[in-house]
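S.K.: I'd like to ask some things about the structure below.
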Amino acid sequence: MSEPRVHPVVVGLDPDPARRMALAWAADEAHRRRLPLLLVHAQGVPTGGYRLTELRPSWERWNETLHTAGEHTLELVTAFVADRHPDVEVSNVLAEGDAAWVLRGQAEEAAAVVLGSSHLTPARELFGSAAVALPVVAHVHCPVAVVREAEHATQQPPYFVVGVDGSPVSGAAVDYAFEEADLRGAVLRALYVWHRPLLGVLDGAAAVQECRRILSETVAGRTATHPNVEVHHEVVYGHPVQVLTEASAHAPGLVVGTRGHGGFTGMLLGSVSRGVLHHAQCPVIVVPHPSR
């Protein structure tokens with residue numbers, strides 16, 4: 001009987017050697033979870049050191065230059081990972097094509113995907129070639145960590161934050177948040193953000209009580225599986241993006257779902273998920289709906 005397939009942590013590489021934050025996060029995650037690490041580099045415009053002045057306007061020469069630059073990047077980052085975590089098994093993929101498309105393909109067999117992301121304006125998000133994170137997060141079937149800020153574990157013990165709204169995808173996010181907190185020896189802050197609708201609920205006390213009930217029921221079954229994780233239940237009034245962003249300021253990570261109800265209603269990705277990807281002050285892990 002063959003052993004079950006071990007799914008890797010997949011990380012999309014930035015050719016800029018100064019931008020290794022997502023790579024370091026991915027290597028640490030593979031080490032914590034005892035998983036292999038797959039380095040994915042999608043060939044794009046050659047970096048400065050490989051823009052040859054004698055480059056002829058031919059696809060063959062252009063592809064050769066791209067391939068050389070890609071192999072050089074993979075050599076550098078493989079050495080970086082080996083130095084950081086010698087025990088992590090590393091493999092790599094050098095692929096041609098749009099980075100988001102390549103990563104979505106590699107994510108089909110991944111335990112998780114890790115991406116870097118610079119702060120994008122709405123226009124650059126929609127039209128810029130650097131906008132890889134959003135299309136990957138919105139379509140893959142595994143958790144995606146977007147590392148645009150360093151971890152800010154300024155309190156001891158550190159705490160992970162997870163947004164809860166009682167939906168199935170919220171439950172999947174809570175499961176993953178418990179795993180992360182357990183692996184890191186961190187406290188878990190489970191936040192239900194209550195935002196009064198324009199019409200509907202008028203009894204604020206009753207609404208808060210219902211939020212507390214949903215929060216308690218969502219978290220209850222997970223504490224038995226992760227008895228070492230200390231959990232803080234919090235019902236907070238305000239806009240979900242603002243509250244979760246503020247909570248992320250001193251956390252090593254923030255976990256949210258892709259869509260749900262209440263605070264997590266939106267389009268394919270969800271308004272809250274999109275918002276925290278833009279504004280959170282720590283790495284954000286987006287967990288998809290279990291049936292996606």
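Chain labels A, B, ... are given in the sequence in which chains occur in the structure tokens; within each chain residues are numbered consecutively from 1, and ligands are likewise numbered from 1 in the order shown.
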Can you check which parts of segment 152-244 of chain A lie within 10 Å of segment 137-145 of chain A? Per residue, the shortest pair of atoms and distance in Å to one decimal, counting only C-alpha atoms, sorted by chain and number, as JSON lines.
M.R.:
```
{"residue": "A:Ala172", "atom": "CA", "partner": "A:Pro143", "partner_atom": "CA", "distance": 9.7}
{"residue": "A:Ala173", "atom": "CA", "partner": "A:Pro143", "partner_atom": "CA", "distance": 8.8}
{"residue": "A:Tyr176", "atom": "CA", "partner": "A:Pro143", "partner_atom": "CA", "distance": 8.5}
```
S.K.: Give the helix (DSSP H, G or I) residues of segment 63-290 of chain A, as DSSP finds them on the backbone, and put them as a ChimeraX atom specification.
M.R.: /A:63-84,99-109,122-127,133-139,168-184,204-225,240-250,262-264,271-279
S.K.: Please, what distance in Å, to one decimal, runs between atom CA of Leu183 of chain A and atom CA of Val147 of chain A?
M.R.: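 One can read the atom CA of Leu183 of chain A to atom CA of Val147 of chain A distance as 18.3 Å.
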S.K.: Of the residues A:Glu29, A:Glu96, A:Glu108, A:Asp175, which is the one nearest to Glu64 of chain A, using only C-alpha atoms?
M.R.: A:Glu96
S.K.: Could you check the closest approach to Leu66 of chain A for each of A:Val219, A:Val255, A:Ala95, A:Val102 and tell me which residue wins, using only C-alpha atoms?
M.R.: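 Smallest separation from Leu66 of chain A among the options: A:Ala95.
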S.K.: So, counting only C-alpha atoms, which residue among A:Leu134, A:Arg148, A:Cys282, A:Gly171 is closest to Ala22 of chain A?
M.R.: A:Arg148
S.K.: Quick one: residues within 12 Å of Gln281 of chain A, only C-alpha atoms counted, chain neighbours fewer than 2 positions away excluded, as a PyMOL selection string?
M.R.: chain A and resi 119+146-153+161+241-254+275-279+283-284
S.K.: Neighbours of His195 of chain A within 7 Å (only C-alpha atoms; same-chain residues fewer than 4 positions away dropped), as an MDAnalysis selection string?
M.R.: chainID A and resid 237:239
S.K.: Any chance you could export the current selection's all heavy atoms as a PDB file, in the first residue's frame?
M.R.:
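What ended up in selection.pdb:
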```
ATOM      1  N   TYR A 237     -17.685  45.863  18.392  1.00  0.00           N
ATOM      2  CA  TYR A 237     -18.539  46.657  17.505  1.00  0.00           C
ATOM      3  C   TYR A 237     -17.656  47.508  16.597  1.00  0.00           C
ATOM      4  O   TYR A 237     -16.689  48.130  17.033  1.00  0.00           O
ATOM      5  CB  TYR A 237     -19.476  47.563  18.300  1.00  0.00           C
ATOM      6  CG  TYR A 237     -20.332  48.442  17.422  1.00  0.00           C
ATOM      7  CD1 TYR A 237     -21.469  47.925  16.810  1.00  0.00           C
ATOM      8  CD2 TYR A 237     -19.981  49.763  17.176  1.00  0.00           C
ATOM      9  CE1 TYR A 237     -22.247  48.716  15.984  1.00  0.00           C
ATOM     10  CE2 TYR A 237     -20.751  50.559  16.349  1.00  0.00           C
ATOM     11  CZ  TYR A 237     -21.886  50.031  15.754  1.00  0.00           C
ATOM     12  OH  TYR A 237     -22.656  50.811  14.926  1.00  0.00           O
ATOM     13  N   GLY A 238     -18.007  47.547  15.310  1.00  0.00           N
ATOM     14  CA  GLY A 238     -17.271  48.382  14.375  1.00  0.00           C
ATOM     15  C   GLY A 238     -17.286  47.780  12.990  1.00  0.00           C
ATOM     16  O   GLY A 238     -17.979  46.796  12.729  1.00  0.00           O
ATOM     17  N   HIS A 239     -16.502  48.372  12.094  1.00  0.00           N
ATOM     18  CA  HIS A 239     -16.403  47.823  10.747  1.00  0.00           C
ATOM     19  C   HIS A 239     -15.398  46.679  10.762  1.00  0.00           C
ATOM     20  O   HIS A 239     -14.291  46.823  11.294  1.00  0.00           O
ATOM     21  CB  HIS A 239     -15.950  48.897   9.758  1.00  0.00           C
ATOM     22  CG  HIS A 239     -16.077  48.453   8.331  1.00  0.00           C
ATOM     23  ND1 HIS A 239     -15.165  47.610   7.732  1.00  0.00           N
ATOM     24  CD2 HIS A 239     -17.024  48.717   7.394  1.00  0.00           C
ATOM     25  CE1 HIS A 239     -15.542  47.372   6.489  1.00  0.00           C
ATOM     26  NE2 HIS A 239     -16.664  48.033   6.256  1.00  0.00           N
TER      27      HIS A 239
END
```
